[in-house]
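Reproduced below: input-v6.txt, with compact mmCIF, C-alpha atoms.
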```txt
# COMPACT_ATOMS: atom_id res chain seq x y z
CA MET Y 230 -19.46 24.91 -11.71
CA ASP Y 231 -18.33 21.30 -11.44
CA HIS Y 232 -21.86 20.32 -10.52
CA ILE Y 233 -23.34 22.01 -13.57
CA PHE Y 234 -20.99 20.17 -15.93
CA PHE Y 235 -21.49 16.87 -14.14
CA PHE Y 236 -25.27 17.10 -14.19
CA TYR Y 237 -25.32 18.09 -17.87
CA PHE Y 238 -23.10 15.17 -18.89
CA ALA Y 239 -24.87 12.74 -16.57
CA ALA Y 240 -28.32 13.72 -17.85
CA VAL Y 241 -27.30 13.32 -21.49
CA ILE Y 242 -25.52 10.01 -20.79
CA ALA Y 243 -28.55 8.61 -18.96
CA ALA Y 244 -31.01 9.78 -21.61
CA THR Y 245 -29.01 8.50 -24.58
CA SER Y 246 -28.28 5.15 -22.92
CA LEU Y 247 -32.03 4.73 -22.43
CA LEU Y 248 -32.56 5.62 -26.09
CA VAL Y 249 -30.00 3.00 -27.20
CA VAL Y 250 -32.15 0.32 -25.60
CA ALA Y 251 -35.56 1.79 -26.41
CA LEU Y 252 -35.27 2.86 -30.05
CA ARG Y 253 -36.47 0.32 -32.59
CA ASN Y 254 -34.22 1.27 -35.48
CA PRO Y 255 -30.64 0.01 -34.94
CA VAL Y 256 -29.22 2.99 -36.82
CA TYR Y 257 -30.85 5.37 -34.35
CA SER Y 258 -29.55 3.22 -31.48
CA ALA Y 259 -26.02 3.45 -32.83
CA LEU Y 260 -26.28 7.22 -33.31
CA SER Y 261 -27.52 7.78 -29.76
CA LEU Y 262 -24.64 5.60 -28.57
CA LEU Y 263 -22.36 7.99 -30.49
CA ILE Y 264 -23.78 10.98 -28.58
CA MET Y 265 -23.27 9.05 -25.35
CA PHE Y 266 -19.61 8.36 -26.20
CA PHE Y 267 -18.97 12.06 -26.77
CA HIS Y 268 -20.51 12.97 -23.43
CA VAL Y 269 -18.56 10.24 -21.63
CA ALA Y 270 -15.46 11.86 -23.12
CA GLY Y 271 -16.60 15.18 -21.67
CA LEU Y 272 -17.07 13.51 -18.31
CA TYR Y 273 -13.48 12.23 -18.53
CA VAL Y 274 -12.28 15.80 -19.11
CA THR Y 275 -14.02 16.94 -15.93
CA LEU Y 276 -12.26 14.06 -14.15
CA HIS Y 277 -8.82 15.29 -15.37
CA ALA Y 278 -8.32 12.34 -17.73
CA GLU Y 279 -7.79 14.34 -20.90
CA PHE Y 280 -5.83 11.69 -22.77
CA LEU Y 281 -8.53 9.10 -22.15
CA ALA Y 282 -11.12 11.55 -23.43
CA ALA Y 283 -9.24 11.86 -26.72
CA VAL Y 284 -8.82 8.09 -26.93
CA GLN Y 285 -12.51 7.63 -26.20
CA ILE Y 286 -13.48 9.85 -29.12
CA VAL Y 287 -10.90 8.41 -31.53
CA VAL Y 288 -11.39 4.72 -30.77
CA TYR Y 289 -15.02 4.45 -29.70
CA ALA Y 290 -16.68 7.14 -31.78
CA GLY Y 291 -14.25 6.93 -34.68
CA ALA Y 292 -13.64 3.22 -35.05
CA ILE Y 293 -16.12 1.06 -33.15
CA LEU Y 294 -19.28 3.03 -33.96
CA VAL Y 295 -18.34 3.28 -37.64
CA LEU Y 296 -17.89 -0.50 -37.68
CA TYR Y 297 -21.37 -0.93 -36.20
CA LEU Y 298 -22.88 1.45 -38.74
CA PHE Y 299 -21.16 -0.39 -41.60
CA VAL Y 300 -22.64 -3.70 -40.49
CA VAL Y 301 -26.11 -2.22 -39.94
CA MET Y 302 -26.10 -0.71 -43.41
CA LEU Y 303 -24.62 -3.88 -44.92
CA LEU Y 304 -27.31 -6.14 -43.53
CA SER Y 305 -30.20 -3.72 -44.34
CA ILE Y 306 -32.26 -4.54 -41.29
CA LYS Y 307 -35.94 -3.74 -41.14
CA SER Y 308 -36.67 -1.27 -38.38
CA GLU Y 309 -39.96 -2.59 -37.01
CA GLU Y 310 -39.25 -5.08 -34.29
CA ARG Y 311 -41.05 -6.23 -31.22
CA TYR Y 312 -39.31 -6.74 -27.94
CA HIS Y 313 -38.14 -10.14 -26.85
CA ASN Y 314 -40.81 -12.34 -25.30
CA GLN Y 315 -38.90 -12.76 -22.05
CA LEU Y 316 -39.89 -9.20 -21.18
CA PRO Y 317 -41.64 -10.14 -17.87
CA LEU Y 318 -38.58 -12.03 -16.64
CA ALA Y 319 -36.31 -9.21 -17.77
CA GLY Y 320 -38.50 -6.63 -16.05
CA LEU Y 321 -38.48 -8.63 -12.82
CA LEU Y 322 -34.69 -9.00 -12.92
CA GLY Y 323 -34.25 -5.32 -13.73
CA VAL Y 324 -36.46 -4.20 -10.85
CA MET Y 325 -34.61 -6.53 -8.46
CA LEU Y 326 -31.19 -5.28 -9.58
CA CYS Y 327 -32.39 -1.68 -9.41
CA THR Y 328 -33.66 -1.97 -5.82
CA GLU Y 329 -30.43 -3.75 -4.87
CA VAL Y 330 -28.30 -0.94 -6.27
CA ILE Y 331 -30.46 1.76 -4.66
CA LEU Y 332 -30.31 -0.03 -1.28
CA LEU Y 333 -26.52 -0.35 -1.56
CA PHE Y 334 -26.15 3.36 -2.28
CA ILE Y 335 -28.45 4.33 0.59
CA LYS Y 336 -26.59 2.07 3.02
CA SER Y 337 -23.14 3.27 2.00
CA GLN Y 338 -24.01 6.97 1.94
CA THR Y 339 -22.01 7.66 5.10
CA SER Y 340 -18.79 6.02 3.93
CA ALA Y 341 -18.70 7.64 0.48
CA ILE Y 342 -16.79 10.72 1.47
CA ALA Y 343 -14.22 11.87 -1.03
CA PRO Y 344 -10.67 12.12 0.29
CA ALA Y 345 -9.16 15.55 0.26
CA ALA Y 346 -7.21 16.44 -2.85
CA THR Y 347 -3.62 16.21 -1.66
CA ALA Y 348 -1.70 16.10 -4.92
CA ASP Y 349 -1.31 19.35 -6.79
CA PRO Y 350 -2.41 18.65 -10.38
CA VAL Y 351 -0.39 21.50 -11.84
CA ALA Y 352 2.96 20.67 -10.28
CA GLY Y 353 2.96 16.97 -11.19
CA PRO Y 354 3.65 15.49 -14.62
CA GLY Y 355 0.93 15.66 -17.23
CA ASN Y 356 -1.85 13.14 -17.59
CA THR Y 357 -0.44 11.54 -20.75
CA GLU Y 358 3.02 11.29 -19.26
CA MET Y 359 1.76 9.57 -16.11
CA ILE Y 360 -0.29 7.08 -18.11
CA GLY Y 361 2.65 6.34 -20.37
CA GLU Y 362 4.99 5.73 -17.49
CA ALA Y 363 2.55 3.38 -15.75
CA LEU Y 364 1.72 1.59 -18.99
CA TYR Y 365 5.31 0.90 -20.03
CA SER Y 366 6.76 0.06 -16.62
CA THR Y 367 4.25 -1.51 -14.24
CA TYR Y 368 1.79 -2.77 -16.84
CA LEU Y 369 4.21 -3.81 -19.56
CA PHE Y 370 3.18 -7.46 -19.59
CA PRO Y 371 -0.59 -6.77 -19.75
CA PHE Y 372 0.19 -4.32 -22.54
CA GLU Y 373 1.83 -7.06 -24.58
CA VAL Y 374 -1.03 -9.42 -23.82
CA ALA Y 375 -3.43 -6.76 -25.12
CA SER Y 376 -1.56 -6.69 -28.41
CA LEU Y 377 -1.90 -10.47 -28.59
CA ILE Y 378 -5.66 -10.14 -27.97
CA LEU Y 379 -5.92 -7.69 -30.85
CA LEU Y 380 -3.98 -10.04 -33.14
CA VAL Y 381 -6.22 -12.99 -32.26
CA ALA Y 382 -9.34 -10.86 -32.78
CA MET Y 383 -8.08 -9.69 -36.16
CA ILE Y 384 -7.38 -13.22 -37.39
CA GLY Y 385 -10.67 -14.48 -35.96
CA ALA Y 386 -12.69 -11.72 -37.61
CA ILE Y 387 -11.08 -12.33 -40.98
CA ILE Y 388 -11.68 -16.07 -40.78
CA LEU Y 389 -15.28 -15.73 -39.57
CA ALA Y 390 -16.34 -13.17 -42.13
CA LYS Y 391 -14.55 -14.71 -45.10
CA LYS Y 392 -16.91 -16.04 -47.73
CA GLY Y 393 -16.87 -19.77 -48.36
CA ILE Y 394 -14.97 -20.78 -45.29
CA ASN Y 395 -18.10 -21.84 -43.39
CA GLU Y 396 -19.41 -24.07 -46.16
CA PRO Y 397 -18.03 -27.62 -46.22
CA ALA Y 398 -15.33 -28.24 -48.77
CA GLN Y 399 -16.48 -30.13 -51.82
CA MET G 194 -13.35 18.59 -6.32
CA ALA G 195 -16.95 19.34 -5.61
CA VAL G 196 -18.84 16.42 -7.11
CA PRO G 197 -18.88 13.49 -4.68
CA LEU G 198 -17.76 10.06 -5.81
CA SER G 199 -21.16 8.50 -5.17
CA TYR G 200 -22.72 10.59 -7.98
CA TYR G 201 -20.38 8.97 -10.47
CA LEU G 202 -21.16 5.55 -9.03
CA ILE G 203 -24.90 6.15 -9.34
CA LEU G 204 -24.50 7.28 -12.97
CA SER G 205 -22.36 4.26 -13.78
CA GLY G 206 -24.80 1.90 -12.05
CA PHE G 207 -27.67 3.38 -14.02
CA VAL G 208 -25.86 2.98 -17.36
CA PHE G 209 -24.85 -0.58 -16.46
CA LEU G 210 -28.43 -1.52 -15.58
CA THR G 211 -29.66 -0.02 -18.83
CA GLY G 212 -27.17 -2.25 -20.66
CA VAL G 213 -28.33 -5.35 -18.75
CA VAL G 214 -31.97 -4.63 -19.55
CA GLY G 215 -31.04 -4.03 -23.19
CA VAL G 216 -29.30 -7.39 -23.42
CA LEU G 217 -32.34 -9.07 -21.90
CA ILE G 218 -35.19 -7.47 -23.84
CA ARG G 219 -33.88 -6.81 -27.34
CA ARG G 220 -34.07 -9.35 -30.16
CA ASN G 221 -31.63 -7.75 -32.57
CA ILE G 222 -28.09 -9.03 -32.04
CA ILE G 223 -26.55 -5.71 -33.10
CA VAL G 224 -28.50 -3.83 -30.43
CA ILE G 225 -27.47 -6.48 -27.90
CA LEU G 226 -23.82 -5.79 -28.75
CA LEU G 227 -24.49 -2.05 -28.39
CA SER G 228 -25.88 -2.74 -24.91
CA VAL G 229 -22.68 -4.61 -24.06
CA GLU G 230 -20.80 -1.46 -25.10
CA LEU G 231 -23.01 0.49 -22.68
CA MET G 232 -21.97 -1.84 -19.85
CA LEU G 233 -18.28 -1.52 -20.73
CA ASN G 234 -18.58 2.27 -20.73
CA ALA G 235 -20.24 2.18 -17.31
CA THR G 236 -17.26 0.28 -15.89
CA ASN G 237 -14.91 2.75 -17.59
CA ILE G 238 -16.65 5.69 -15.89
CA ASN G 239 -16.18 3.87 -12.58
CA PHE G 240 -12.49 3.29 -13.25
CA VAL G 241 -11.79 6.90 -14.16
CA ALA G 242 -13.79 8.28 -11.22
CA PHE G 243 -11.92 6.10 -8.73
CA SER G 244 -8.61 6.92 -10.38
CA GLU G 245 -9.32 10.63 -9.91
CA TYR G 246 -10.47 10.31 -6.32
CA PHE G 247 -7.63 8.12 -5.11
CA HIS G 248 -4.94 9.86 -7.20
CA ASN G 249 -3.84 6.60 -8.75
CA VAL G 250 -3.21 6.40 -12.47
CA ALA G 251 -3.74 2.62 -12.58
CA GLY G 252 -7.48 3.11 -13.10
CA GLN G 253 -6.89 4.98 -16.32
CA VAL G 254 -4.49 2.29 -17.52
CA PHE G 255 -7.18 -0.32 -16.95
CA VAL G 256 -9.58 1.71 -19.07
CA PHE G 257 -7.09 1.17 -21.90
CA PHE G 258 -7.25 -2.58 -21.46
CA ALA G 259 -11.05 -2.49 -21.29
CA LEU G 260 -11.00 -0.50 -24.51
CA THR G 261 -8.74 -3.06 -26.20
CA VAL G 262 -11.03 -5.89 -25.18
CA ALA G 263 -14.06 -3.89 -26.39
CA ALA G 264 -12.47 -3.37 -29.79
CA ALA G 265 -11.61 -7.08 -30.08
CA GLU G 266 -15.13 -8.03 -28.99
CA VAL G 267 -16.70 -5.74 -31.58
CA ALA G 268 -14.56 -7.09 -34.40
CA VAL G 269 -15.25 -10.75 -33.60
CA GLY G 270 -18.91 -10.13 -32.71
CA LEU G 271 -19.67 -8.32 -35.94
CA ALA G 272 -17.88 -11.03 -37.93
CA ILE G 273 -20.07 -13.63 -36.20
CA ILE G 274 -23.16 -11.56 -37.02
CA ILE G 275 -22.19 -11.42 -40.68
CA ALA G 276 -21.58 -15.18 -40.76
CA LEU G 277 -24.95 -15.78 -39.05
CA HIS G 278 -26.76 -13.51 -41.47
CA ARG G 279 -25.16 -15.36 -44.35
CA ALA G 280 -26.18 -18.76 -42.98
CA HIS G 281 -29.69 -17.99 -41.64
CA SER G 282 -30.51 -14.63 -43.28
CA SER G 283 -31.71 -13.37 -39.92
CA ILE G 284 -30.08 -11.63 -36.99
CA TYR G 285 -32.98 -11.95 -34.56
CA ILE G 286 -32.21 -14.25 -31.68
CA ASP G 287 -35.69 -15.80 -31.82
CA ASP G 288 -34.86 -17.31 -35.19
CA LEU G 289 -31.55 -18.78 -34.06
CA ASN G 290 -32.78 -21.82 -32.13
CA LEU G 291 -30.84 -24.50 -33.96
CA LEU G 292 -29.96 -26.38 -30.76
CA LYS G 293 -33.60 -26.45 -29.64
CA ARG G 294 -34.90 -28.23 -32.72
```

Show me this structure written as structure tokens.
Amino acid sequence: MDHIFFFYFAAVIAATSLLVVALRNPVYSALSLLIMFFHVAGLYVTLHAEFLAAVQIVVYAGAILVLYLFVVMLLSIKSEERYHNQLPLAGLLGVMLCTEVILLFIKSQTSAIAPAATADPVAGPGNTEMIGEALYSTYLFPFEVASLILLVAMIGAIILAKKGINEPAQ
Amino acid sequence: MAVPLSYYLILSGFVFLTGVVGVLIRRNIIVILLSVELMLNATNINFVAFSEYFHNVAGQVFVFFALTVAAAEVAVGLAIIIALHRAHSSIYIDDLNLLKR
């Protein structure tokens, strides 16, 4: 049963991630990325990370993808587009990286044995509770730094996208 | 838990490679940013898979931080794209060779 779910999600994720790169129209790319985000959320549910699945849908599919679609519609981009002219170099690099990854997986096949599930998932605290406790005790300082990153990004985005701020003052 | 960890690693490696190839071969900056999102999601799949297999919640916490950085990157990146489009009326990276001229 686990295998069926995993292979369904993995097949859709792989296919849609290929479509993101291959489709010429950026709107279609963004929409296939949306499908991929939903299936990644499903994969999180099979991995017992239910809270992250909800966050994935709310933040990625709800906020980030909508932002992309806004900008694509705002700029009204023509869909026909040829690929970049460094395609031979990119193909060579891709093939090299691919063989490297495949070799690594073949070599490490013996050591990739999953440890036995010792913790009982039902008896312990819930997924959200565990994440909250780790986030607000062990990772409190990185959490605050993340809020600072968001503040800096907000100010930077406003300043960059504001009209008239890039032109020299008269 | 029936699905071995290596399956998740292979899936995540595949998605990451797709993102790398997308960054290298596309000319549209928006699609390049979408490929960066693909790479971030591949690392997130890795984090969650390892967090499940080693029964450590820290992996899921790090997915939160990756998500924060992704949101910040999208906001700033799209603002840069809008500024570029306003200045050059193009978002194809072939046309943005100001330093070469």

Counting all atoms listed in the file, what are the residues of chain G within 8 Å of chain Y, and for each of them which pair of atoms is the nearest and at what distance in Å, to one decimal? Sort the table by chain and rising number, as CSV.
```
residue,atom,partner,partner_atom,distance
G:Met194,CA,Y:Ala346,CA,7.4
G:Ala195,CA,Y:Asp231,CA,6.3
G:Val196,CA,Y:His232,CA,6.0
G:Pro197,CA,Y:Ala343,CA,6.1
G:Leu198,CA,Y:Ala343,CA,6.2
G:Ser199,CA,Y:Ala341,CA,6.2
G:Ile203,CA,Y:Phe334,CA,7.7
G:Leu204,CA,Y:Ala239,CA,6.6
G:Gly206,CA,Y:Val330,CA,7.3
G:Phe207,CA,Y:Ala243,CA,7.2
G:Val208,CA,Y:Ser246,CA,6.4
G:Leu210,CA,Y:Gly323,CA,7.2
G:Thr211,CA,Y:Leu247,CA,6.4
G:Gly212,CA,Y:Val250,CA,7.5
G:Val213,CA,Y:Gly323,CA,7.8
G:Val214,CA,Y:Gly323,CA,6.3
G:Gly215,CA,Y:Val250,CA,5.1
G:Leu217,CA,Y:Ala319,CA,5.7
G:Ile218,CA,Y:His313,CA,5.0
G:Arg219,CA,Y:His313,CA,5.4
G:Arg220,CA,Y:His313,CA,5.3
G:Ile223,CA,Y:Pro255,CA,7.3
G:Val224,CA,Y:Pro255,CA,6.3
G:Leu227,CA,Y:Ala259,CA,7.2
G:Ser228,CA,Y:Val250,CA,7.0
G:Leu231,CA,Y:Ser246,CA,7.0
G:Ile238,CA,Y:Val269,CA,7.6
G:Val241,CA,Y:Tyr273,CA,7.1
G:Ala242,CA,Y:Leu276,CA,6.7
G:Glu245,CA,Y:Leu276,CA,6.2
G:Tyr246,CA,Y:Ala343,CA,6.7
G:Phe247,CA,Y:Pro344,CA,7.4
G:His248,CA,Y:Ala348,CA,7.4
G:Val250,CA,Y:Ile360,CA,6.4
G:Ala251,CA,Y:Ala363,CA,7.1
G:Gln253,CA,Y:Ile360,CA,7.2
G:Val254,CA,Y:Ile360,CA,6.4
G:Phe258,CA,Y:Ala375,CA,6.7
G:Thr261,CA,Y:Ala375,CA,6.6
G:Val262,CA,Y:Ile378,CA,7.4
G:Ala264,CA,Y:Ile293,CA,6.7
G:Ala265,CA,Y:Ala382,CA,5.2
G:Glu266,CA,Y:Ala382,CA,7.5
G:Val267,CA,Y:Ile293,CA,7.0
G:Ala268,CA,Y:Ala386,CA,5.9
G:Val269,CA,Y:Ala386,CA,4.9
G:Leu271,CA,Y:Val300,CA,7.1
G:Ala272,CA,Y:Ala390,CA,5.0
G:Ile273,CA,Y:Leu389,CA,6.2
G:Ile275,CA,Y:Ala390,CA,6.3
G:Ala276,CA,Y:Ala390,CA,5.8
G:His278,CA,Y:Leu304,CA,7.7
G:Asp287,CA,Y:His313,CA,7.9
```

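Between CA of Gly271 in chain Y and CA of Ile286 in chain Y there is a distance of 9.7 Å.
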
Please measure the separation of CA of Ser205 in chain G and CA of Thr236 in chain G, giving the value in Å to one decimal. 6.8 Å

Point-to-point distance from CA of Ser244 in chain G to CA of Val295 in chain Y, Å rounded to tenths: 29.2 Å

Between G:Leu202, G:Ile274, G:Leu289, G:Ala259, which one has atoms that come closest to Ile225 in chain G, using all atoms listed in the file? G:Ile274

Because some atoms of range 234-245 of chain G are absent here, can you restore all heavy atoms and send them as a short mmCIF file (atom, residue, chain, number, x, y, z; two decimals), in the coordinates of the input?
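Output contents, as saved in rebuild21.cif:
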```cif
data_model
loop_
_atom_site.label_atom_id
_atom_site.label_comp_id
_atom_site.auth_asym_id
_atom_site.auth_seq_id
_atom_site.Cartn_x
_atom_site.Cartn_y
_atom_site.Cartn_z
N ASN G 234 -18.79 0.85 -21.00
CA ASN G 234 -18.58 2.27 -20.73
C ASN G 234 -18.90 2.61 -19.28
O ASN G 234 -18.26 3.48 -18.69
CB ASN G 234 -19.43 3.11 -21.67
CG ASN G 234 -18.60 3.65 -22.79
OD1 ASN G 234 -17.91 4.62 -22.62
ND2 ASN G 234 -18.65 2.99 -23.92
N ALA G 235 -19.91 1.93 -18.72
CA ALA G 235 -20.24 2.18 -17.31
C ALA G 235 -19.06 1.80 -16.42
O ALA G 235 -18.68 2.57 -15.51
CB ALA G 235 -21.48 1.37 -16.92
N THR G 236 -18.43 0.65 -16.70
CA THR G 236 -17.26 0.28 -15.89
C THR G 236 -16.12 1.26 -16.10
O THR G 236 -15.38 1.56 -15.17
CB THR G 236 -16.79 -1.13 -16.25
OG1 THR G 236 -16.47 -1.16 -17.62
CG2 THR G 236 -17.83 -2.14 -15.94
N ASN G 237 -15.99 1.80 -17.33
CA ASN G 237 -14.91 2.75 -17.59
C ASN G 237 -15.12 4.04 -16.79
O ASN G 237 -14.16 4.61 -16.27
CB ASN G 237 -14.84 3.07 -19.07
CG ASN G 237 -14.21 1.96 -19.86
OD1 ASN G 237 -13.73 0.99 -19.28
ND2 ASN G 237 -14.22 2.09 -21.15
N ILE G 238 -16.37 4.50 -16.70
CA ILE G 238 -16.65 5.69 -15.89
C ILE G 238 -16.25 5.44 -14.44
O ILE G 238 -15.64 6.28 -13.79
CB ILE G 238 -18.14 6.06 -15.99
CG1 ILE G 238 -18.47 6.53 -17.40
CG2 ILE G 238 -18.50 7.15 -15.01
CD1 ILE G 238 -19.95 6.75 -17.61
N ASN G 239 -16.58 4.23 -13.95
CA ASN G 239 -16.18 3.87 -12.58
C ASN G 239 -14.67 3.93 -12.41
O ASN G 239 -14.18 4.51 -11.44
CB ASN G 239 -16.65 2.45 -12.28
CG ASN G 239 -17.77 2.44 -11.29
OD1 ASN G 239 -18.11 3.48 -10.77
ND2 ASN G 239 -18.33 1.30 -11.05
N PHE G 240 -13.95 3.32 -13.34
CA PHE G 240 -12.49 3.29 -13.25
C PHE G 240 -11.91 4.70 -13.19
O PHE G 240 -11.06 5.01 -12.35
CB PHE G 240 -11.90 2.56 -14.46
CG PHE G 240 -11.75 1.09 -14.29
CD1 PHE G 240 -12.19 0.22 -15.25
CD2 PHE G 240 -11.13 0.58 -13.17
CE1 PHE G 240 -12.04 -1.14 -15.10
CE2 PHE G 240 -10.97 -0.78 -13.01
CZ PHE G 240 -11.44 -1.63 -13.98
N VAL G 241 -12.37 5.56 -14.10
CA VAL G 241 -11.79 6.90 -14.16
C VAL G 241 -12.16 7.70 -12.91
O VAL G 241 -11.33 8.44 -12.38
CB VAL G 241 -12.24 7.61 -15.45
CG1 VAL G 241 -11.72 9.02 -15.48
CG2 VAL G 241 -11.75 6.87 -16.65
N ALA G 242 -13.39 7.54 -12.42
CA ALA G 242 -13.79 8.28 -11.22
C ALA G 242 -12.94 7.86 -10.03
O ALA G 242 -12.43 8.71 -9.28
CB ALA G 242 -15.28 8.05 -10.94
N PHE G 243 -12.74 6.55 -9.85
CA PHE G 243 -11.92 6.10 -8.73
C PHE G 243 -10.47 6.53 -8.90
O PHE G 243 -9.81 6.89 -7.92
CB PHE G 243 -12.00 4.58 -8.59
CG PHE G 243 -13.17 4.12 -7.79
CD1 PHE G 243 -14.19 3.41 -8.38
CD2 PHE G 243 -13.25 4.41 -6.44
CE1 PHE G 243 -15.27 3.00 -7.65
CE2 PHE G 243 -14.34 4.00 -5.70
CZ PHE G 243 -15.35 3.30 -6.31
N SER G 244 -9.99 6.50 -10.13
CA SER G 244 -8.61 6.92 -10.38
C SER G 244 -8.41 8.38 -10.02
O SER G 244 -7.37 8.77 -9.50
CB SER G 244 -8.27 6.67 -11.85
OG SER G 244 -7.36 7.61 -12.31
N GLU G 245 -9.42 9.21 -10.27
CA GLU G 245 -9.32 10.63 -9.91
C GLU G 245 -9.38 10.81 -8.40
O GLU G 245 -8.62 11.59 -7.82
CB GLU G 245 -10.44 11.40 -10.60
CG GLU G 245 -10.69 12.79 -10.08
CD GLU G 245 -9.58 13.75 -10.46
OE1 GLU G 245 -8.77 13.38 -11.32
OE2 GLU G 245 -9.52 14.84 -9.88
#
```
